[in-house]
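Asks: Have a look at the structure that comes next, please.
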Amino acid sequence: MNPAVELCSYPGLDERIVIVRAGDEVDAVFVRTERLNVMVDTLGTPELCRIALDLLEESAKARPLLVVNSHMDWDHFWGNSAISGRAPIIAHAAALDRLRDASTQQVLKDKANQESRFRKVELIGPDITFCGSMVLNGGDLTLELIHTPGHTPDHIAVWIPELRICLAVDAVECPIPEVWSRSGHDLRLIQTSLTRIRDLDARLIIPAHGKTSSPSIVDENIAYFEALADRIGILSESQLADPQLGGMDGFRLQDFVAVPDGIPSDTLAFYRACHETNLGATVHARIEKLKSA
């Protein structure tokens with residue numbers, strides 16, 4: 001069953017920006033400008049996207065619609081077929097590589113076998129791609145699409161300088177983001193992206209998960225990765241090779257971030273898995289450093 005879709009806001013959030021929330025699954029964002037409407041992500045199914053568009057109908061009148069896919073993770077772009085043919089879809093060029101990868105089709109096949117709501121999903125890619133950055137001029141508002149890799153190779157965040165608001169999507173997450181792979185390279189990418197977002201000096205930071213708009217979450221994410229590196233940095237090579245490292249005191253998720261009381265067990269399991277990936281990437285980065293010394 002699809003989660004319920006609702007339109008939300010945050011304290012201090014400009015009325016031209018609407019949070020499109022699909023339960024606890026994901027948040028998309030709708031931005032209304034003088035010249036155009038921009039939908040950042042299309043949720044996890046075409047049905048969810050259509051419901052969102054119906055709810056946004058009053059806000060969306062008399063302006064052309066553009067869609068931005070922040071990255072090719074299922075919960076952010078599987079609603080694209082509800083948009084296809086109605087509005088251009090924009091994404092980073094690296095999104096095409098992910099879309100063509102066999103693993104993307106496999107994820108859809110697996111999820112369709114698990115839940116019937118995914119059986120009508122059609123994988124629709126972007127119409128327009130870019131490298132580096134791209135600017136959408138809405139007249140009163142500017143949307144700067146910034147490549148922020150690390151969570152995924154194709155990830156982009158959206159900076160609205162007139163309002164000093166960053167739509168950080170999954171580059172920033174509460175309690176922690178997840179690095180793309182257990183490689184030192186991807187770890188460095190996500191840390192660079194977090195630093196870039198921090199240096200925007202945003203008034204509000206809006207991720208797609210965690211239901212927060214506080215800029216402090218960026219500092220907390222950066223501090224989390226720094227703490228991982230510090231703790232891993234004191235281990236010997238034999239300790240680094242321990243496959244049970246993530247379960248040891250001092251290296252568990254709760255040893256680095258506060259786990260909210262009452263967090264659902266499946267959500268907790270998800271973030272523990274994210275932490276394991278981040279821990280593995282930190283270990284590999286440390287091993288690379290030792291080998292190059």
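Residues are referred to by chain and number: the chain letter is A, B, ... according to the order shown in the structure tokens, the number counts from 1 in that chain, and ligands are numbered separately from 1 in the order shown.
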Give me, as a list of chain:residue names, all polymer residues having an atom no more than 9 Å from Thr148 (chain A), counting only C-alpha atoms and skipping those fewer than 2 positions away in the same chain.
Replies: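 Listing them by chain and then by number gives A:Ile146, A:Gly150, A:His151, A:Thr152, A:Pro153, A:Asp154, A:His155, A:Ile156, A:Ala157, A:Ala168, A:Ala171, A:Leu189, A:Ile190, A:Thr192, A:Ser193, A:Leu194, A:Arg196, A:Ile197.
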Asks: Using only C-alpha atoms, which protein or nucleic acid residues come within 7 Å of Asp75 (chain A)? Drop anything in the same chain fewer than 3 positions from it, and give the result as a short mmCIF file (atom, residue, chain, number, x, y, z; two decimals) with N, CA and C atoms, in the first residue's frame.
Replies:
```cif
data_model
loop_
_atom_site.label_atom_id
_atom_site.label_comp_id
_atom_site.auth_asym_id
_atom_site.auth_seq_id
_atom_site.Cartn_x
_atom_site.Cartn_y
_atom_site.Cartn_z
N VAL A 26 9.64 9.25 1.98
CA VAL A 26 10.51 10.26 1.37
C VAL A 26 9.77 11.59 1.28
N LEU A 43 8.73 11.07 -6.08
CA LEU A 43 8.27 10.05 -5.12
C LEU A 43 8.48 8.64 -5.69
N GLY A 44 7.96 7.64 -4.96
CA GLY A 44 8.34 6.26 -5.24
C GLY A 44 7.47 5.48 -6.20
N TRP A 78 10.91 6.98 -9.17
CA TRP A 78 10.01 6.00 -9.76
C TRP A 78 8.63 6.57 -10.08
#
```
Asks: So how far away is CA of Arg272 (chain A) from CA of Asp230 (chain A), in Å?
Replies: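 Computing the Euclidean distance for CA of Asp230 (chain A) and CA of Arg272 (chain A) yields 19.2 Å.
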Asks: So how far away is CA of Val218 (chain A) from CA of Leu204 (chain A), in Å?
Replies: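 Those two atoms sit 10.5 Å apart.
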Asks: Would you please work out which residue, of A:Gln106, A:Ser292, A:Thr42, A:Gln254, is nearest to His71 (chain A) when using only C-alpha atoms?
Replies: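 Checking each of A:Gln106, A:Ser292, A:Thr42, A:Gln254 against His71 (chain A), counting only C-alpha atoms, the winner is A:Thr42.
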Asks: Please determine, counting only C-alpha atoms, which residue among A:Ile128, A:Gln114, A:Asp170, A:Met134 has the shortest atom-to-atom distance to Asp73 (chain A).
Replies: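 The shortest atom-to-atom distance to Asp73 (chain A) comes from A:Asp170.
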Asks: When you draw a straight line from CA of Leu240 (chain A) to CA of Glu288 (chain A), how long is it in Å?
Replies: 11.7 Å
Asks: Can you list, as number ranges by chain, every residue of region 124-262 of chain A that DSSP puts in alpha helix (DSSP H)?
Replies: A: 184-198, 216-232, 237-240
Asks: Given only C-alpha atoms as the basis, pick out the residue of A:Glu162, A:Asp255, A:Asp14, A:Glu178 nearest to Glu276 (chain A).
Replies: A:Glu178
Asks: With distances taken over only C-alpha atoms, which residue among A:Asp41, A:Thr212, A:Ser81, A:Ser116 lies nearest Asn2 (chain A)?
Replies: A:Ser116
Asks: I need the strand (DSSP E) residues of region 45-220 of chain A per DSSP on the backbone, written as a VMD selection string.
Replies: chain A and resid 65 to 68 89 to 92 128 to 130 133 to 137 142 to 147 156 to 160 165 to 169 204 to 207
